[in-house]
file work.cif (mmCIF, C-alpha atoms)
data_start
#
loop_
_atom_site.label_atom_id
_atom_site.label_comp_id
_atom_site.auth_asym_id
_atom_site.auth_seq_id
_atom_site.Cartn_x
_atom_site.Cartn_y
_atom_site.Cartn_z
CA MET T 174 -1.78 -39.45 42.25
CA SER T 175 -4.61 -37.93 40.25
CA ARG T 176 -4.02 -35.11 37.86
CA ARG T 177 -6.59 -32.64 36.62
CA VAL T 178 -7.54 -32.72 32.96
CA PHE T 179 -7.67 -29.25 31.49
CA ASP T 180 -10.29 -29.09 28.78
CA PRO T 181 -9.21 -26.51 26.16
CA THR T 182 -12.60 -26.33 24.48
CA VAL T 183 -15.63 -24.12 25.07
CA SER T 184 -19.11 -25.56 25.03
CA PRO T 185 -21.27 -24.05 22.31
CA ALA T 186 -23.24 -21.06 23.49
CA ALA T 187 -26.99 -21.36 23.61
CA PRO T 188 -28.28 -21.01 20.06
CA VAL T 189 -29.77 -17.67 19.13
CA THR T 190 -33.44 -18.14 18.54
CA PHE T 191 -35.19 -16.41 15.70
CA SER T 192 -38.40 -16.74 13.80
CA TYR T 193 -39.05 -16.41 10.12
CA ALA T 194 -40.96 -13.44 8.81
CA PRO T 195 -44.49 -14.31 7.77
CA ARG T 196 -44.62 -15.54 4.18
CA PRO T 197 -46.63 -13.41 1.74
CA LYS T 198 -49.80 -15.02 0.45
CA SER T 199 -49.03 -13.77 -3.03
CA LEU T 200 -45.90 -12.52 -4.77
CA HIS T 201 -47.78 -10.28 -7.17
CA GLY T 202 -46.68 -6.64 -7.05
CA LEU T 203 -44.24 -6.99 -4.16
CA ARG T 204 -40.90 -5.18 -3.86
CA VAL T 205 -37.69 -7.18 -3.68
CA GLY T 206 -34.30 -6.18 -2.28
CA LEU T 207 -31.04 -7.85 -3.28
CA VAL T 208 -27.94 -8.53 -1.20
CA GLU T 209 -24.86 -8.78 -3.40
CA ASN T 210 -21.96 -10.39 -1.57
CA THR T 211 -18.96 -9.64 -3.87
CA LYS T 212 -18.63 -13.23 -5.08
CA PHE T 213 -18.21 -13.77 -8.80
CA ASN T 214 -21.59 -13.67 -10.52
CA SER T 215 -23.50 -12.91 -7.33
CA GLU T 216 -24.97 -9.72 -8.77
CA VAL T 217 -25.48 -11.33 -12.18
CA ILE T 218 -27.50 -14.19 -10.72
CA LEU T 219 -29.51 -11.99 -8.38
CA ARG T 220 -30.41 -9.51 -11.12
CA LYS T 221 -31.43 -12.37 -13.38
CA VAL T 222 -33.70 -13.76 -10.69
CA ALA T 223 -35.13 -10.27 -10.13
CA GLU T 224 -35.83 -9.96 -13.87
CA ARG T 225 -37.74 -13.22 -13.86
CA LEU T 226 -39.68 -12.22 -10.77
CA ALA T 227 -40.59 -8.97 -12.50
CA ALA T 228 -41.74 -10.80 -15.61
CA GLN T 229 -43.70 -13.43 -13.75
CA TYR T 230 -45.09 -11.54 -10.75
CA GLN T 231 -44.62 -7.84 -11.58
CA ILE T 232 -42.18 -7.61 -8.69
CA SER T 233 -40.01 -4.49 -8.66
CA MET T 234 -36.39 -4.50 -7.51
CA THR T 235 -36.20 -1.55 -5.15
CA HIS T 236 -32.85 -1.80 -3.41
CA LEU T 237 -29.48 -3.47 -4.01
CA ASP T 238 -26.98 -3.72 -1.17
CA HIS T 239 -23.30 -4.51 -1.78
CA LYS T 240 -21.74 -6.26 1.19
CA LYS T 241 -18.14 -5.51 2.08
CA SER T 242 -17.27 -9.17 1.50
CA SER T 243 -19.06 -12.48 1.40
CA GLY T 244 -18.26 -13.09 5.05
CA HIS T 245 -19.47 -9.76 6.33
CA SER T 246 -22.91 -9.42 7.79
CA VAL T 247 -25.44 -7.11 6.24
CA THR T 248 -25.07 -3.79 8.03
CA PRO T 249 -27.82 -2.44 10.30
CA GLU T 250 -28.12 0.54 7.93
CA ALA T 251 -28.81 -1.77 5.01
CA ILE T 252 -31.37 -3.70 7.04
CA THR T 253 -33.16 -0.44 7.82
CA LEU T 254 -33.27 0.43 4.12
CA PHE T 255 -34.57 -3.01 3.23
CA ARG T 256 -37.33 -2.65 5.81
CA GLN T 257 -38.33 0.65 4.26
CA LYS T 258 -38.01 -0.28 0.62
CA ALA T 259 -38.62 -4.00 0.22
CA ASP T 260 -41.18 -6.62 1.09
CA PHE T 261 -38.67 -9.44 0.85
CA VAL T 262 -34.95 -9.86 0.24
CA LEU T 263 -32.85 -12.25 -1.82
CA ALA T 264 -29.27 -13.07 -0.93
CA GLY T 265 -27.01 -15.25 -3.02
CA VAL T 266 -23.50 -16.58 -3.21
CA GLY T 267 -22.55 -17.64 -6.69
CA ASP T 268 -18.98 -18.24 -7.80
CA MET Z 187 27.64 -46.66 21.03
CA SER Z 188 28.26 -43.63 23.17
CA ALA Z 189 25.66 -41.94 25.28
CA THR Z 190 25.62 -38.39 26.58
CA GLN Z 191 24.80 -38.05 30.21
CA LEU Z 192 21.69 -35.89 30.55
CA ASN Z 193 19.64 -34.93 33.53
CA PRO Z 194 16.02 -35.31 32.54
CA PRO Z 195 13.17 -34.08 34.73
CA SER Z 196 12.18 -36.48 37.42
CA SER Z 197 8.67 -37.12 36.10
CA ASP Z 198 8.04 -40.49 34.55
CA PRO Z 199 8.43 -40.29 30.74
CA ALA Z 200 6.04 -43.19 30.23
CA SER Z 201 3.36 -41.35 32.16
CA ALA Z 202 3.96 -38.19 30.12
CA ALA Z 203 3.52 -40.19 26.92
CA GLU Z 204 0.23 -41.55 28.21
CA TRP Z 205 -0.98 -38.04 28.94
CA ILE Z 206 -0.02 -36.89 25.46
CA GLU Z 207 -1.91 -39.83 24.00
CA PHE Z 208 -4.90 -39.03 26.20
CA TYR Z 209 -5.01 -35.47 24.84
CA TYR Z 210 -4.80 -36.83 21.30
CA GLN Z 211 -7.78 -39.06 22.00
CA GLN Z 212 -9.92 -36.10 23.07
CA GLY Z 213 -9.53 -34.55 19.61
CA TRP Z 214 -7.83 -31.45 21.00
CA SER Z 215 -4.64 -31.64 18.94
CA ASP Z 216 -3.58 -30.05 15.67
CA GLY Z 217 -1.96 -33.36 14.83
CA LEU Z 218 1.22 -32.78 16.77
CA PRO Z 219 1.78 -33.83 20.39
CA LEU Z 220 0.40 -31.45 22.97
CA VAL Z 221 2.02 -30.44 26.23
CA PRO Z 222 -0.36 -31.70 28.94
CA PRO Z 223 -1.31 -28.67 31.05
CA GLY Z 224 -1.05 -28.69 34.80
CA GLU Z 225 -2.36 -26.35 37.46
CA ASP Z 226 0.99 -24.60 37.78
CA SER Z 227 1.59 -24.10 34.07
CA VAL Z 228 -1.90 -22.72 33.41
CA GLN Z 229 -1.65 -20.35 36.37
CA ALA Z 230 1.82 -19.21 35.29
CA MET Z 231 0.47 -18.45 31.84
CA LEU Z 232 -2.43 -16.42 33.23
CA ALA Z 233 -0.15 -14.56 35.62
CA ALA Z 234 2.13 -13.58 32.73
CA GLY Z 235 -0.88 -11.97 31.11
CA GLY Z 236 -2.07 -10.31 34.31
CA LEU Z 237 -5.24 -12.39 34.24
CA THR Z 238 -7.10 -14.62 36.67
CA GLY Z 239 -8.81 -16.85 34.10
CA ASP Z 240 -12.36 -15.59 34.50
CA GLU Z 241 -12.02 -12.76 32.00
CA VAL Z 242 -13.61 -12.86 28.57
CA LEU Z 243 -10.98 -11.78 26.07
CA GLY Z 244 -13.38 -11.20 23.23
CA THR Z 245 -16.28 -12.47 21.21
CA ILE Z 246 -16.84 -13.62 17.67
CA ASP Z 247 -20.39 -12.60 16.96
CA GLU Z 248 -20.77 -14.57 13.72
CA ARG Z 249 -19.90 -17.70 15.68
CA ASN Z 250 -21.91 -16.77 18.74
CA ALA Z 251 -18.68 -17.50 20.60
CA ILE Z 252 -16.83 -16.08 23.56
CA ILE Z 253 -13.14 -16.54 24.35
CA PRO Z 254 -12.44 -17.08 28.07
CA ALA Z 255 -8.95 -16.24 29.28
CA GLU Z 256 -8.46 -19.58 31.02
CA LYS Z 257 -9.10 -21.49 27.80
CA VAL Z 258 -6.54 -19.41 25.95
CA ALA Z 259 -4.01 -20.12 28.70
CA ILE Z 260 -4.69 -23.86 28.48
CA ASN Z 261 -4.21 -23.83 24.73
CA ALA Z 262 -1.03 -21.80 25.06
CA VAL Z 263 0.40 -24.35 27.48
CA MET Z 264 -0.62 -27.18 25.17
CA ALA Z 265 1.10 -25.41 22.27
CA GLY Z 266 4.36 -25.34 24.21
CA CYS Z 267 4.47 -21.61 24.98
CA LEU Z 268 6.56 -20.21 27.78
CA PRO Z 269 4.56 -17.91 30.08
CA GLU Z 270 6.44 -14.87 28.83
CA TYR Z 271 5.03 -15.50 25.35
CA PHE Z 272 1.49 -15.15 26.62
CA PRO Z 273 1.09 -11.39 26.11
CA VAL Z 274 1.78 -11.95 22.40
CA VAL Z 275 -0.75 -14.77 22.26
CA LEU Z 276 -3.30 -12.57 24.01
CA ALA Z 277 -2.74 -9.71 21.58
CA ALA Z 278 -3.19 -12.07 18.65
CA VAL Z 279 -6.40 -13.50 20.12
CA ARG Z 280 -7.75 -10.00 20.69
CA GLY Z 281 -6.87 -9.28 17.07
CA LEU Z 282 -9.05 -12.19 15.99
CA CYS Z 283 -11.98 -10.52 17.71
CA HIS Z 284 -11.46 -7.10 16.18
CA PRO Z 285 -14.42 -6.32 13.92
CA GLU Z 286 -12.11 -5.06 11.18
CA PHE Z 287 -10.30 -8.40 11.08
CA HIS Z 288 -13.54 -10.17 10.38
CA TYR Z 289 -12.71 -13.64 11.63
CA HIS Z 290 -15.28 -15.57 9.63
CA ASN Z 291 -13.64 -15.13 6.22
CA PRO Z 292 -10.06 -16.22 6.90
CA ALA Z 293 -11.15 -18.90 9.34
CA THR Z 294 -13.76 -20.59 7.21
CA SER Z 295 -13.18 -19.82 3.55
CA THR Z 296 -12.44 -22.54 1.03
CA GLY Z 297 -9.40 -20.42 0.12
CA GLY Z 298 -7.91 -21.23 3.50
CA SER Z 299 -5.65 -18.79 5.27
CA GLY Z 300 -2.79 -19.09 7.66
CA LEU Z 301 -2.90 -16.27 10.17
CA ALA Z 302 0.42 -14.47 10.25
CA ILE Z 303 1.32 -12.95 13.61
CA ILE Z 304 3.75 -10.09 12.93
CA VAL Z 305 5.48 -8.90 16.09
CA ASN Z 306 7.01 -5.44 16.30
CA GLY Z 307 8.82 -3.54 18.99
CA PRO Z 308 11.16 -4.58 21.79
CA ILE Z 309 9.16 -7.65 22.79
CA GLY Z 310 10.34 -9.45 19.66
CA PRO Z 311 14.05 -9.58 20.55
CA ALA Z 312 13.21 -9.91 24.25
CA LEU Z 313 11.32 -13.14 23.61
CA GLY Z 314 13.76 -14.39 21.01
CA ILE Z 315 11.18 -14.33 18.25
CA ASN Z 316 13.04 -15.03 15.05
CA ALA Z 317 13.24 -12.13 12.62
CA GLY Z 318 16.27 -13.40 10.73
CA ASN Z 319 17.54 -16.42 8.90
CA ASN Z 320 14.89 -19.05 8.10
CA VAL Z 321 12.24 -16.79 9.56
CA PHE Z 322 9.40 -19.01 8.31
CA GLY Z 323 11.29 -22.21 9.00
CA PRO Z 324 11.42 -24.47 12.04
CA GLY Z 325 13.66 -24.35 15.06
CA VAL Z 326 12.64 -21.37 17.18
CA ARG Z 327 10.30 -22.08 20.05
CA ALA Z 328 8.69 -18.64 20.26
CA ASN Z 329 7.77 -18.53 16.57
CA ALA Z 330 6.58 -22.12 16.56
CA THR Z 331 4.49 -22.09 19.72
CA ILE Z 332 2.93 -18.62 19.63
CA GLY Z 333 1.51 -19.27 16.17
CA ARG Z 334 0.48 -22.75 17.20
CA ALA Z 335 -1.32 -21.41 20.27
CA LEU Z 336 -3.43 -19.12 18.12
CA ARG Z 337 -4.43 -21.99 15.84
CA LEU Z 338 -5.30 -24.20 18.83
CA VAL Z 339 -7.50 -21.42 20.19
CA MET Z 340 -9.23 -21.25 16.82
CA MET Z 341 -9.76 -25.01 16.78
CA ASN Z 342 -10.64 -25.66 20.40
CA VAL Z 343 -12.31 -22.46 21.53
CA LEU Z 344 -13.87 -21.26 18.28
CA ASN Z 345 -14.52 -24.70 16.81
CA THR Z 346 -12.61 -23.82 13.65
CA ARG Z 347 -11.79 -27.43 12.90
CA PRO Z 348 -10.91 -28.78 9.48
CA GLY Z 349 -13.98 -30.17 7.80
CA LEU Z 350 -16.30 -28.45 10.26
CA LEU Z 351 -16.04 -24.67 10.41
CA ASP Z 352 -12.72 -24.63 8.56
CA ARG Z 353 -13.71 -25.46 4.98
CA ALA Z 354 -10.37 -24.94 3.23
CA THR Z 355 -10.06 -27.05 0.10
CA LEU Z 356 -6.30 -27.49 0.49
CA GLY Z 357 -5.37 -25.62 3.65
CA THR Z 358 -1.80 -24.53 4.16
CA PRO Z 359 1.10 -25.63 6.36
CA ALA Z 360 0.94 -22.08 7.74
CA LYS Z 361 -2.14 -23.20 9.66
CA TYR Z 362 0.13 -25.07 12.06
CA THR Z 363 1.95 -21.88 12.92
CA LEU Z 364 2.96 -18.57 11.36
CA CYS Z 365 4.56 -16.09 13.70
CA PHE Z 366 7.61 -13.89 13.19
CA ALA Z 367 9.11 -10.59 14.27
CA GLU Z 368 10.01 -7.76 11.97
CA ASN Z 369 13.75 -7.13 11.69
CA GLU Z 370 13.94 -3.53 12.84
CA VAL Z 371 17.75 -3.33 12.66
CA ASP Z 372 19.15 -1.57 9.58
CA HIS Z 373 15.59 -1.06 8.43
CA PRO Z 374 15.23 0.92 5.19
CA TRP Z 375 12.32 2.86 6.61
CA VAL Z 376 10.28 2.80 9.81
CA PRO Z 377 8.93 -0.60 10.90
CA LEU Z 378 5.32 -1.58 10.42
CA HIS Z 379 4.05 -0.55 13.86
CA VAL Z 380 5.60 2.93 13.61
CA GLU Z 381 4.13 3.35 10.15
CA ARG Z 382 0.77 2.54 11.72
CA GLY Z 383 1.08 5.17 14.43
CA PHE Z 384 2.80 3.44 17.32
CA ARG Z 385 6.02 4.56 18.98
CA PRO Z 386 9.19 2.55 18.26
CA GLU Z 387 9.45 1.49 21.91
CA GLU Z 388 5.91 0.12 21.93
CA SER Z 389 5.36 -3.55 21.15
CA THR Z 390 2.57 -4.58 18.82
CA VAL Z 391 1.03 -7.56 17.10
CA THR Z 392 -0.38 -7.32 13.61
CA LEU Z 393 -2.57 -10.15 12.41
CA TYR Z 394 -2.62 -10.82 8.68
CA ALA Z 395 -4.65 -13.52 6.92
CA SER Z 396 -2.26 -15.08 4.45
CA ASN Z 397 -3.60 -17.29 1.71
CA THR Z 398 -0.24 -18.64 0.74
CA LEU Z 399 3.48 -18.03 0.88
CA MET Z 400 5.42 -17.43 -2.31
CA GLY Z 401 9.15 -17.00 -2.52
CA VAL Z 402 10.55 -14.24 -4.72
CA TYR Z 403 14.00 -15.11 -6.03
CA ASN Z 404 16.26 -12.38 -7.31
CA GLN Z 405 19.93 -12.34 -6.41
CA LEU Z 406 21.08 -10.01 -9.18
CA ALA Z 407 18.99 -6.85 -8.86
CA SER Z 408 20.98 -3.99 -7.41
CA THR Z 409 18.45 -1.24 -8.09
CA PRO Z 410 14.81 -1.01 -7.06
CA GLU Z 411 13.02 -1.24 -10.39
CA PRO Z 412 13.90 -4.79 -11.50
CA LEU Z 413 13.48 -6.12 -7.99
CA LEU Z 414 10.12 -4.49 -7.48
CA LEU Z 415 8.88 -5.54 -10.91
CA GLU Z 416 9.46 -9.11 -9.83
CA PHE Z 417 7.51 -8.56 -6.61
CA ALA Z 418 4.72 -6.94 -8.63
CA ASP Z 419 4.66 -9.90 -10.99
CA ALA Z 420 4.48 -12.32 -8.07
CA VAL Z 421 1.46 -10.68 -6.48
CA CYS Z 422 -0.56 -10.48 -9.69
CA ASN Z 423 -0.15 -14.08 -10.82
CA LEU Z 424 -3.26 -15.60 -12.36
CA ALA Z 425 -3.84 -17.79 -9.33
CA THR Z 426 -4.05 -14.83 -6.96
CA PRO Z 427 -7.24 -14.36 -4.99
CA ASN Z 428 -6.69 -10.64 -5.56
CA VAL Z 429 -8.55 -10.51 -8.87
CA TYR Z 430 -11.28 -8.64 -7.04
CA GLY Z 431 -8.91 -5.79 -6.26
CA PHE Z 432 -9.91 -5.25 -2.65
CA ASN Z 433 -7.40 -7.41 -0.85
CA GLN Z 434 -4.25 -6.51 0.98
CA THR Z 435 -0.89 -8.04 0.21
CA LEU Z 436 2.00 -8.63 2.60
CA ILE Z 437 5.54 -8.56 1.27
CA VAL Z 438 8.35 -9.67 3.55
CA LEU Z 439 11.65 -8.23 2.40
CA ALA Z 440 14.63 -10.41 3.24
CA GLY Z 441 18.07 -9.00 3.98
CA GLU Z 442 19.53 -8.46 0.52
CA HIS Z 443 16.33 -7.09 -0.92
CA ALA Z 444 15.86 -4.72 2.01
CA GLU Z 445 19.45 -3.58 1.58
CA VAL Z 446 18.96 -2.84 -2.13
CA LEU Z 447 16.00 -0.63 -1.25
CA ARG Z 448 17.79 1.01 1.70
CA ARG Z 449 20.74 1.96 -0.49
CA SER Z 450 18.46 3.30 -3.21
CA GLY Z 451 16.96 5.94 -0.96
CA TRP Z 452 13.45 5.10 -2.11
CA SER Z 453 10.81 5.79 0.52
CA LYS Z 454 8.44 3.08 1.64
CA ARG Z 455 5.61 4.97 -0.02
CA GLN Z 456 7.52 5.04 -3.32
CA VAL Z 457 8.06 1.31 -3.15
CA GLN Z 458 4.41 0.65 -2.31
CA GLU Z 459 3.16 2.86 -5.12
CA PHE Z 460 5.55 1.29 -7.63
CA ILE Z 461 4.40 -2.24 -6.82
CA VAL Z 462 0.72 -1.34 -6.72
CA ARG Z 463 1.07 0.42 -10.08
CA HIS Z 464 2.76 -2.57 -11.71
CA ALA Z 465 0.79 -5.36 -10.04
CA ARG Z 466 -1.77 -5.60 -12.80
CA ARG Z 467 -2.94 -7.88 -15.57
CA THR Z 468 -5.21 -7.32 -18.49
CA VAL Z 469 -8.84 -8.30 -18.32
CA ALA Z 470 -8.05 -10.60 -21.26
CA ASP Z 471 -5.47 -12.45 -19.14
CA PHE Z 472 -8.01 -13.06 -16.42
CA LYS Z 473 -10.69 -14.09 -18.94
CA ARG Z 474 -8.34 -16.55 -20.66
CA ALA Z 475 -7.84 -18.24 -17.31
CA ALA Z 476 -11.58 -18.06 -16.53
CA ARG Z 477 -10.88 -15.86 -13.54
CA LEU Z 478 -13.29 -13.39 -15.07
CA SER Z 479 -16.32 -14.42 -17.05
CA GLY Z 480 -17.32 -13.44 -20.56
CA GLU Z 481 -15.95 -13.47 -24.07
CA ILE Z 482 -12.62 -11.76 -24.63
CA ARG Z 483 -13.17 -8.47 -26.43
CA LEU Z 484 -10.51 -6.51 -28.25
CA GLU Z 485 -10.39 -3.83 -25.59
CA ASP Z 486 -9.82 -6.47 -22.89
CA GLU Z 487 -6.25 -6.84 -24.15
CA THR Z 488 -5.48 -3.27 -23.13
CA THR Z 489 -7.82 -2.91 -20.15
CA TRP Z 490 -5.88 -3.33 -16.93
CA ARG Z 491 -7.05 -4.68 -13.62
CA HIS Z 492 -4.91 -3.88 -10.60
CA VAL Z 493 -4.83 -6.38 -7.75
CA MET Z 494 -4.58 -3.63 -5.14
CA ASN Z 495 -6.19 -0.24 -5.27
CA ARG Z 496 -4.18 1.75 -2.75
CA ALA Z 497 -0.55 1.93 -1.67
CA GLU Z 498 -1.55 1.36 1.93
CA ASP Z 499 -3.04 -2.01 0.95
CA LEU Z 500 0.50 -3.25 0.47
CA LEU Z 501 2.12 -4.13 3.78
CA LEU Z 502 5.91 -4.08 3.64
CA VAL Z 503 7.90 -5.62 6.45
CA CYS Z 504 11.51 -6.74 6.78
CA ALA Z 505 12.50 -10.17 8.05
CA GLY Z 506 14.73 -13.01 7.06
CA SER Z 507 18.36 -12.87 6.06
#

call {"tool": "encode", "arguments": {"input": "work.cif", "output": "structure tokens"}}
result
Amino acid sequence: MSRRVFDPTVSPAAPVTFSYAPRPKSLHGLRVGLVENTKFNSEVILRKVAERLAAQYQISMTHLDHKKSSGHSVTPEAITLFRQKADFVLAGVGD
Amino acid sequence: MSATQLNPPSSDPASAAEWIEFYYQQGWSDGLPLVPPGEDSVQAMLAAGGLTGDEVLGTIDERNAIIPAEKVAINAVMAGCLPEYFPVVLAAVRGLCHPEFHYHNPATSTGGSGLAIIVNGPIGPALGINAGNNVFGPGVRANATIGRALRLVMMNVLNTRPGLLDRATLGTPAKYTLCFAENEVDHPWVPLHVERGFRPEESTVTLYASNTLMGVYNQLASTPEPLLLEFADAVCNLATPNVYGFNQTLIVLAGEHAEVLRRSGWSKRQVQEFIVRHARRTVADFKRAARLSGEIRLEDETTWRHVMNRAEDLLLVCAGS
């Protein structure tokens, strides 16, 4: 007598497709936003990188977003602000 | 040698063992034998939840994942649940999907969490969910299988498998199962669900991501202060993940400890505020253990860091004996 096998798993959903934003031809004079994720040293590392970008390319840090936790997504409100205030965004982990 | 006369089910035990082995081979197990599901058992599970199987119970957006009802029923059968447990399993699964729970962190973090299912209200005693002696120990089917079902759903439906999307460095035995009911009899205050706005006669499930379990031993305290100082000390140990000060802490008060607090007349809020106030270490302590970076300055010895910011971040429940 045959018996049905009940598969407890779910096949992965179709991957979400996305495309990268066009890369700037030059970094000189751009505005950078930072996403701090609450991990130890995340903000320290990001600010240090921003300082070096400022020294090397005259890039200004225009917006810093603090995520609720490292696992949380960046909020839509923060994305809107980044779109308004920054030309590119850096996100880091650091521990 | 004597033998007790038993009346086992008529199905062939050898065949059952083969089925269990087959399910092992598919990689669907948590390491323990699974109950092979059948048409009847899956349907009975769904019926107990008032479901047909086609429903989507929730989604985890960060995982691009959906949770179909039928898959939860299959995993619940495999875990060994009785159909009447299924409403609790469903509530826990829906809790996983709640945006405020934020599944990704406790499921994936290197810290590794067991997910505690805290059951309140009349469904706890009705299902025989242990709220008393050995509450975190083995031996009670409801506790063991409801928690196990949730973990199997995480592994099989949400792909939260060790080494893949579960990146815990050590993990915890609580990942096999962690489900208990609050002991609402002789409670010093109102139980957790009433504190959170539900009526006593309503049944609820609270899901709590628990990094680890730590016993607090104190058989001599007969007044609140010494007992609560020990709890405060336990939750601010140097190994705590709560250095950041934004986490919640769950304290489960066993019988004697609950009784000390009940007799004292302290309110739950008083107890919470006392522990939150005393659960602190100096910045110097954390720096000495490299839990905070930087050189130790003189003022660090007298600068305090609390591991919780608000009284409501401390969950107090009663269980155990």

call {"tool": "closest_atom_pairs", "arguments": {"input": "work.cif", "of": "chain Z", "to": "chain T", "cutoff": "7 Å", "atoms": "all atoms listed in the file", "output": "CSV"}}
result
residue,atom,partner,partner_atom,distance
Z:Pro223,CA,T:Phe179,CA,6.4
Z:Asn250,CA,T:Ala186,CA,6.5
Z:Ala251,CA,T:Ala186,CA,6.5
Z:Lys257,CA,T:Pro181,CA,5.3
Z:Ile260,CA,T:Pro181,CA,5.7
Z:Asn261,CA,T:Pro181,CA,5.9
Z:His290,CA,T:Gly244,CA,6.0
Z:Asn291,CA,T:Gly244,CA,5.2
Z:Asn342,CA,T:Thr182,CA,4.6
Z:Val343,CA,T:Thr182,CA,4.9

call {"tool": "write_last_selection", "arguments": {"input": "work.cif", "atoms": "C-alpha atoms", "output": "PDB file, keeping the file's coordinate frame"}}
result
ATOM      1  CA  PRO Z 223      -1.310 -28.670  31.050  1.00  0.00           C
ATOM      2  CA  ASN Z 250     -21.910 -16.770  18.740  1.00  0.00           C
ATOM      3  CA  ALA Z 251     -18.680 -17.500  20.600  1.00  0.00           C
ATOM      4  CA  LYS Z 257      -9.100 -21.490  27.800  1.00  0.00           C
ATOM      5  CA  ILE Z 260      -4.690 -23.860  28.480  1.00  0.00           C
ATOM      6  CA  ASN Z 261      -4.210 -23.830  24.730  1.00  0.00           C
ATOM      7  CA  HIS Z 290     -15.280 -15.570   9.630  1.00  0.00           C
ATOM      8  CA  ASN Z 291     -13.640 -15.130   6.220  1.00  0.00           C
ATOM      9  CA  ASN Z 342     -10.640 -25.660  20.400  1.00  0.00           C
ATOM     10  CA  VAL Z 343     -12.310 -22.460  21.530  1.00  0.00           C
TER      11      VAL Z 343
END

call {"tool": "atom_distance", "arguments": {"input": "work.cif", "atom1": "atom CA of Tyr193 of chain T", "atom2": "atom CA of Arg353 of chain Z"}}
result
27.4 Å

call {"tool": "atom_distance", "arguments": {"input": "work.cif", "atom1": "atom CA of Pro292 of chain Z", "atom2": "atom CA of Arg347 of chain Z"}}
result
12.8 Å

call {"tool": "resolve_selection", "arguments": {"input": "work.cif", "expression": "the PyMOL selection byres ((chain T and resi 222-233) around 10)", "output": "JSON, numbers by chain"}}
result
{"T": [199, 200, 201, 202, 203, 204, 205, 206, 207, 216, 217, 218, 219, 220, 221, 234, 235, 236, 259, 260, 263]}

call {"tool": "residues_around", "arguments": {"input": "work.cif", "residues": "Phe272 of chain Z", "least_positions_apart": "6", "cutoff": "7 Å", "atoms": "only C-alpha atoms", "output": "list in words"}}
result
Met231, Ala234 and Gly235 of chain Z

call {"tool": "resolve_selection", "arguments": {"input": "work.cif", "expression": "the PyMOL selection byres ((chain Z and resi 374-387) around 12)", "output": "VMD selection string"}}
result
chain Z and resid 304 to 310 367 to 373 388 to 393 436 to 457 498 500 to 505
